[in-house]
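I have placed the structure first, in the form of C-alpha cells, so that the comments after it can refer back to it.
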Amino acid sequence: MITLGFVYALAGLCFAFIAMLSLDDRGNPKRFGNAAFWGLLAVSMILGDYLGDFGNGLLVLALVAIAGTGQIGRAPGGDIPAAVQTERAARYGRFLLLVALIIPAVALAGTFLFKWVPGLADPKQATLISLALGVLIALAVGMARLKPDPLLPLEQGRRLLDSVGWAAILPQMLASLGAVFAVAKVGEVVGDLIGTAIPQGSLAGAVLAYGLGMALFTMVMGNAFAAFPVMLAAVGMPLLIKQHGGDPAVIAAIGMLAGFCGTLMTPMAANFNLVPAALLELKNPYGVIKAQIGTAIPLLLVNIAFIYIFAF
C-alpha cells in the first residue's frame with residue numbers, strides 16, 4: 001500500500017538532489033548555505049520519523065539560523081534569454097499546458113480511485129499521494145516529448161528555489177505553528193481576552209470578533225488553516241455555536257473565508273504574496289499585497305455580515 005511516506009521520500013530525494021546541485025554551483029557565493037538549507041530539509045523529509053521531536057526541533061532551528069543570517073540566495077545570471085523563452089513558448093505552449101493539466105487530472109482521478117479500490121493507497125492521504133503521482137506522470141510525459149537534459153528539471157527547480165529562498169517552506173512552518181498553538185490551548189487564552197471586550201450576550205460583537213480575529217490571526221500566522229482552530233476554540237465554539245446556537249457549517253465555512261481575506265493582506269502568506277513578486281521581479285516586493293488590499297477589506301466585511309445573516 002502506498003502511504004504518505006512515499007510523498008515525503010519523493011520530496012526528500014528532490015531536495016537532496018537540489019542540495020547537491022547547489023553545492024556544485026561554484027558561481028554562487030552562497031552555495032554552501034543553499035546546500036545546507038535544502039540538505040537539512042531533505043533530511044527532515046526522509047528521516048523525520050526517526051529524528052523524534054527534539055531532533056526535528058534542532059533541525060528547524062538550524063534552518064532558521066541559515067535563512068536568518070542570509071546564507072541562502074541565487075547566483076547572478078543564469079536566466080534563459082527572453083527571446084529563447086518566447087520562441088519555446090510559441091513552439092511548445094499548448095503541449096506544456098497539457099502537461100500542467102495532467103497534475104490536477106491525476107490528483108482528482110486518484111482521489112476517487114484509491115477510495116474505490118482499497119489496498120492500493122492510504123485512503124486518508126489519497127489526494128496527496130495522487131498529487132505526487134500526477135507530478136511524476138507529467139514529468140515523464142514532458143521528458144519523453146521534449147527530450148531535455150536529464151538534470152534540467154532539477155536544475156530549473158533549484159533555480160526557482162534559489163529565487164524564492166526560505167519562503168518556499170514558510171507554509172509548512174506556519175501550519176506546524178498552528179498545531180502548536182492548538183496543543184498549547186492558545187484559543188482558550190484568546191477567548192478569555194476577547195470575552196472581556198465583548199458586551200455580555202452581544203451576538204453582533206461575537207460575530208465581529210470572530211471574523212476580525214480570523215483575518216488578524218491569519219495575517220500573523222500566514223495561514224487560515226492555522227488560525228481556524230485558535231479562533232474556533234476562542235469564539236466560534238463557546239459563543240457563536242453553544243451560546244447563540246449558530247449553524248456550525250456556516251460559521252466554519254465563512255469563517256475560513258474571512259481568514260483568507262487576511263491571507264491577501266500579509267507577507268506571512270509568502271507563497272501567495274511574496275513568491276509571485278519575486279518570480280515576476282516586481283520592484284516593490286509587497287506589490288501583490290498592495291494590489292489586493294482594496295478587495296480584501298470589503299470582502300472581509302461582507303463575510304462577517306454573511307455569518308451574522310446566515311448562521312443565526
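So you can find residues: chains in the C-alpha cells are A, B, ... in the order shown, residues in each start at 1, and ligands are numbered from 1 in order.
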Per residue of range 144-250 of chain A within 10 Å of range 291-309 of chain A, which atom pair is closest and at what distance in Å (one decimal), using only C-alpha atoms, listed by chain and increasing number, as JSON lines?
```
{"residue": "A:Leu203", "atom": "CA", "partner": "A:Tyr308", "partner_atom": "CA", "distance": 8.1}
{"residue": "A:Ala204", "atom": "CA", "partner": "A:Tyr308", "partner_atom": "CA", "distance": 7.1}
{"residue": "A:Ala206", "atom": "CA", "partner": "A:Tyr308", "partner_atom": "CA", "distance": 9.5}
{"residue": "A:Val207", "atom": "CA", "partner": "A:Tyr308", "partner_atom": "CA", "distance": 6.4}
{"residue": "A:Leu208", "atom": "CA", "partner": "A:Ile304", "partner_atom": "CA", "distance": 6.5}
{"residue": "A:Ala209", "atom": "CA", "partner": "A:Ile304", "partner_atom": "CA", "distance": 9.3}
{"residue": "A:Tyr210", "atom": "CA", "partner": "A:Ile304", "partner_atom": "CA", "distance": 8.3}
{"residue": "A:Gly211", "atom": "CA", "partner": "A:Ile304", "partner_atom": "CA", "distance": 5.5}
{"residue": "A:Leu212", "atom": "CA", "partner": "A:Leu300", "partner_atom": "CA", "distance": 7.9}
{"residue": "A:Met214", "atom": "CA", "partner": "A:Leu300", "partner_atom": "CA", "distance": 9.8}
{"residue": "A:Ala215", "atom": "CA", "partner": "A:Leu300", "partner_atom": "CA", "distance": 7.8}
{"residue": "A:Leu240", "atom": "CA", "partner": "A:Tyr308", "partner_atom": "CA", "distance": 9.7}
{"residue": "A:Gly246", "atom": "CA", "partner": "A:Ile307", "partner_atom": "CA", "distance": 9.0}
{"residue": "A:Asp247", "atom": "CA", "partner": "A:Ile307", "partner_atom": "CA", "distance": 9.2}
{"residue": "A:Val250", "atom": "CA", "partner": "A:Ile307", "partner_atom": "CA", "distance": 6.7}
```
For the residues selected in the previous step, produce a file with C-alpha atoms as an mmCIF file, in the first residue's frame.
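Output file result_30.cif is given in full below:
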```cif
data_model
loop_
_atom_site.group_PDB
_atom_site.id
_atom_site.type_symbol
_atom_site.label_atom_id
_atom_site.label_comp_id
_atom_site.auth_asym_id
_atom_site.auth_seq_id
_atom_site.Cartn_x
_atom_site.Cartn_y
_atom_site.Cartn_z
ATOM 1 C CA LEU A 203 -24.266 38.410 19.099
ATOM 2 C CA ALA A 204 -23.028 41.164 16.810
ATOM 3 C CA ALA A 206 -19.151 37.954 18.958
ATOM 4 C CA VAL A 207 -19.553 37.698 15.169
ATOM 5 C CA LEU A 208 -17.359 40.760 14.644
ATOM 6 C CA ALA A 209 -14.692 39.410 16.995
ATOM 7 C CA TYR A 210 -14.742 36.036 15.251
ATOM 8 C CA GLY A 211 -14.491 37.441 11.709
ATOM 9 C CA LEU A 212 -11.863 40.044 12.512
ATOM 10 C CA MET A 214 -9.817 35.037 11.811
ATOM 11 C CA ALA A 215 -8.402 37.703 9.494
ATOM 12 C CA LEU A 240 -21.378 31.575 18.392
ATOM 13 C CA GLY A 246 -25.312 29.291 15.362
ATOM 14 C CA ASP A 247 -25.065 26.880 12.433
ATOM 15 C CA VAL A 250 -21.858 28.345 8.156
#
```
Next item on the list: May I have the residues within 12 Å of Asn223 in chain A as number ranges by chain, using only C-alpha atoms and disregarding those fewer than 5 positions away in the same chain?
Entry: A: 170-179, 214-218, 228-230, 256-272
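Distance annotation: of A:Gln156, A:Thr111, A:Ser163, A:Thr196, the residue with the minimal separation from Val235 in chain A is A:Thr196; atom set is only C-alpha atoms.
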Checklist line | CA of Pro238 in chain A to CA of Glu188 in chain A, distance in Å rounded to a single decimal | finding: 9.7 Å
Item checked: Selected residue of minimal separation from Leu239 in chain A among A:Leu280, A:Leu40, A:Leu13, A:Ile251, counting only C-alpha atoms -> A:Ile251
Item checked: Proximity to Leu136 in chain A - best of A:Pro123, A:Pro153, A:Pro118, A:Ala277, only C-alpha atoms ->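 Nearest to Leu136 in chain A: A:Pro153.
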Sorted by chain and rising residue number, which residues of range 123-239 of chain A lie within 10 Å of range 94-104 of chain A, and what are their closest atom pairs and distances in Å to one decimal, counting only C-alpha atoms, as CSV?
```
residue,atom,partner,partner_atom,distance
A:Thr127,CA,A:Pro104,CA,9.9
A:Ser130,CA,A:Ile103,CA,8.6
A:Leu131,CA,A:Ile103,CA,6.4
A:Ala132,CA,A:Ile103,CA,8.3
A:Leu133,CA,A:Ile103,CA,8.0
A:Gly134,CA,A:Ile103,CA,4.3
A:Val135,CA,A:Ile103,CA,5.5
A:Leu136,CA,A:Ile103,CA,8.5
A:Ile137,CA,A:Ile102,CA,7.5
A:Ala138,CA,A:Val99,CA,5.4
A:Leu139,CA,A:Val99,CA,7.9
A:Ala140,CA,A:Val99,CA,9.5
A:Val141,CA,A:Val99,CA,7.0
A:Gly142,CA,A:Val99,CA,6.5
A:Arg145,CA,A:Phe95,CA,9.0
A:Leu146,CA,A:Phe95,CA,9.8
```
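Of note, CA of Gly236 in chain A and CA of Gly213 in chain A are spaced 10.3 Å apart.
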Got a sec to tell me which of range 16-197 of chain A DSSP assigns to alpha helix (DSSP H), as a compact mmCIF listing (two decimals) with C-alpha atoms, in the first residue's frame?
```txt
# COMPACT_ATOMS: atom_id res chain seq x y z
CA ALA A 16 18.69 16.09 -1.70
CA PHE A 17 19.50 16.38 -5.41
CA ILE A 18 18.90 20.13 -5.29
CA ALA A 19 21.31 20.38 -2.34
CA MET A 20 23.99 18.53 -4.31
CA LEU A 21 23.47 20.71 -7.37
CA SER A 22 23.66 23.80 -5.16
CA LEU A 23 26.95 22.64 -3.73
CA ASP A 24 28.31 22.18 -7.25
CA ARG A 31 26.31 27.74 -2.48
CA PHE A 32 27.27 26.24 0.88
CA GLY A 33 24.33 27.90 2.61
CA ASN A 34 21.95 26.74 -0.12
CA ALA A 35 23.29 23.20 0.05
CA ALA A 36 22.99 23.10 3.84
CA PHE A 37 19.45 24.51 3.83
CA TRP A 38 17.98 22.18 1.20
CA GLY A 39 20.03 19.27 2.50
CA LEU A 40 18.61 19.67 6.01
CA LEU A 41 15.13 19.88 4.54
CA ALA A 42 15.81 16.62 2.70
CA VAL A 43 16.87 15.03 5.99
CA SER A 44 13.64 16.24 7.58
CA MET A 45 11.53 14.73 4.79
CA ILE A 46 13.33 11.37 4.66
CA LEU A 47 14.37 10.78 8.27
CA GLY A 48 11.94 12.98 10.21
CA ASP A 49 10.13 10.00 11.77
CA TYR A 50 13.42 8.70 13.16
CA LEU A 51 14.73 12.01 14.50
CA GLY A 52 11.99 12.49 17.06
CA ASP A 53 10.54 15.78 18.26
CA PHE A 54 13.79 17.05 19.75
CA GLY A 55 15.85 16.19 16.68
CA ASN A 56 13.33 17.79 14.34
CA GLY A 57 13.23 20.85 16.55
CA LEU A 58 17.00 21.25 16.32
CA LEU A 59 16.77 20.80 12.55
CA VAL A 60 14.19 23.58 12.29
CA LEU A 61 16.37 25.88 14.40
CA ALA A 62 19.27 25.16 12.04
CA LEU A 63 17.10 26.07 9.04
CA VAL A 64 16.06 29.31 10.73
CA ALA A 65 19.69 30.14 11.54
CA ILE A 66 20.82 29.57 7.95
CA ALA A 67 17.99 31.64 6.47
CA GLY A 68 18.06 34.31 9.18
CA ALA A 82 13.70 36.33 -23.24
CA ALA A 83 13.94 35.66 -26.97
CA VAL A 84 14.54 31.96 -26.32
CA GLN A 85 11.63 31.82 -23.87
CA THR A 86 9.32 33.45 -26.44
CA GLU A 87 10.39 31.04 -29.19
CA ARG A 88 9.92 27.98 -26.97
CA ALA A 89 6.57 29.21 -25.72
CA ALA A 90 5.34 29.60 -29.30
CA ARG A 91 6.58 26.11 -30.19
CA TYR A 92 5.55 24.13 -27.10
CA GLY A 93 3.00 26.33 -25.35
CA ARG A 94 -0.08 24.14 -25.90
CA PHE A 95 1.79 20.96 -25.06
CA LEU A 96 3.17 22.47 -21.84
CA LEU A 97 -0.36 23.45 -20.83
CA LEU A 98 -1.49 19.87 -21.34
CA VAL A 99 1.44 18.62 -19.26
CA ALA A 100 0.48 21.02 -16.47
CA LEU A 101 -3.14 19.82 -16.59
CA ILE A 102 -2.01 16.22 -16.08
CA ILE A 103 -1.20 17.00 -12.46
CA PRO A 104 -4.67 18.10 -11.28
CA ALA A 105 -6.34 15.49 -13.50
CA VAL A 106 -4.37 12.65 -11.92
CA ALA A 107 -4.85 14.13 -8.44
CA LEU A 108 -8.63 14.22 -8.92
CA ALA A 109 -8.86 10.79 -10.53
CA GLY A 110 -6.59 9.18 -7.95
CA THR A 111 -8.55 10.68 -5.05
CA PHE A 112 -11.63 8.75 -6.15
CA LEU A 113 -9.83 5.66 -7.47
CA PHE A 114 -7.87 4.97 -4.29
CA LYS A 115 -11.06 5.23 -2.24
CA TRP A 116 -12.99 2.92 -4.57
CA ALA A 126 -5.36 9.69 -1.33
CA THR A 127 -5.23 13.28 -2.59
CA LEU A 128 -1.62 13.94 -1.61
CA ILE A 129 -0.46 10.60 -2.98
CA SER A 130 -2.35 11.21 -6.23
CA LEU A 131 -0.83 14.68 -6.49
CA ALA A 132 2.68 13.23 -6.20
CA LEU A 133 1.89 10.58 -8.82
CA GLY A 134 0.49 13.30 -11.09
CA VAL A 135 3.77 15.21 -10.86
CA LEU A 136 5.75 12.09 -11.78
CA ILE A 137 3.47 11.28 -14.73
CA ALA A 138 3.57 14.87 -16.01
CA LEU A 139 7.36 14.88 -15.70
CA ALA A 140 7.62 11.61 -17.64
CA VAL A 141 5.36 12.90 -20.43
CA GLY A 142 7.30 16.15 -20.68
CA MET A 143 10.66 14.40 -20.73
CA ALA A 144 9.50 11.94 -23.40
CA ARG A 145 8.26 14.69 -25.70
CA LEU A 146 10.88 17.40 -25.18
CA LEU A 152 17.26 20.00 -16.45
CA PRO A 153 14.11 19.61 -14.27
CA LEU A 154 16.23 19.54 -11.13
CA GLU A 155 18.38 22.44 -12.32
CA GLN A 156 15.33 24.57 -13.03
CA GLY A 157 13.80 23.52 -9.74
CA ARG A 158 16.97 24.61 -7.98
CA ARG A 159 16.94 27.95 -9.79
CA LEU A 160 13.33 28.51 -8.76
CA LEU A 161 14.00 27.60 -5.13
CA ASP A 162 17.08 29.84 -5.06
CA SER A 163 14.87 32.71 -6.28
CA VAL A 164 12.16 32.06 -3.72
CA LEU A 170 7.03 29.04 5.16
CA PRO A 171 3.55 27.42 4.72
CA GLN A 172 4.86 24.20 6.25
CA MET A 173 6.32 26.07 9.21
CA LEU A 174 3.17 28.11 9.77
CA ALA A 175 0.95 25.04 9.66
CA SER A 176 3.16 23.50 12.33
CA LEU A 177 2.82 26.68 14.37
CA GLY A 178 -0.96 26.35 14.20
CA ALA A 179 -0.75 22.82 15.55
CA VAL A 180 1.49 24.02 18.40
CA PHE A 181 -0.98 26.80 19.24
CA ALA A 182 -3.83 24.29 19.33
CA VAL A 183 -1.94 21.94 21.68
CA VAL A 186 -3.92 29.39 22.87
CA GLY A 187 -7.55 29.54 21.76
CA GLU A 188 -8.76 29.42 25.36
CA VAL A 189 -6.43 32.25 26.35
CA VAL A 190 -7.55 34.35 23.39
CA GLY A 191 -11.16 33.55 24.23
CA ASP A 192 -10.73 34.87 27.77
CA LEU A 193 -9.21 38.11 26.44
CA ILE A 194 -11.90 38.61 23.81
CA GLY A 195 -14.63 37.79 26.32
CA THR A 196 -13.67 40.85 28.38
CA ALA A 197 -14.01 43.11 25.32
```
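The two atoms in question, CA of Leu4 in chain A and CA of Leu120 in chain A, are spaced 12.3 Å apart.
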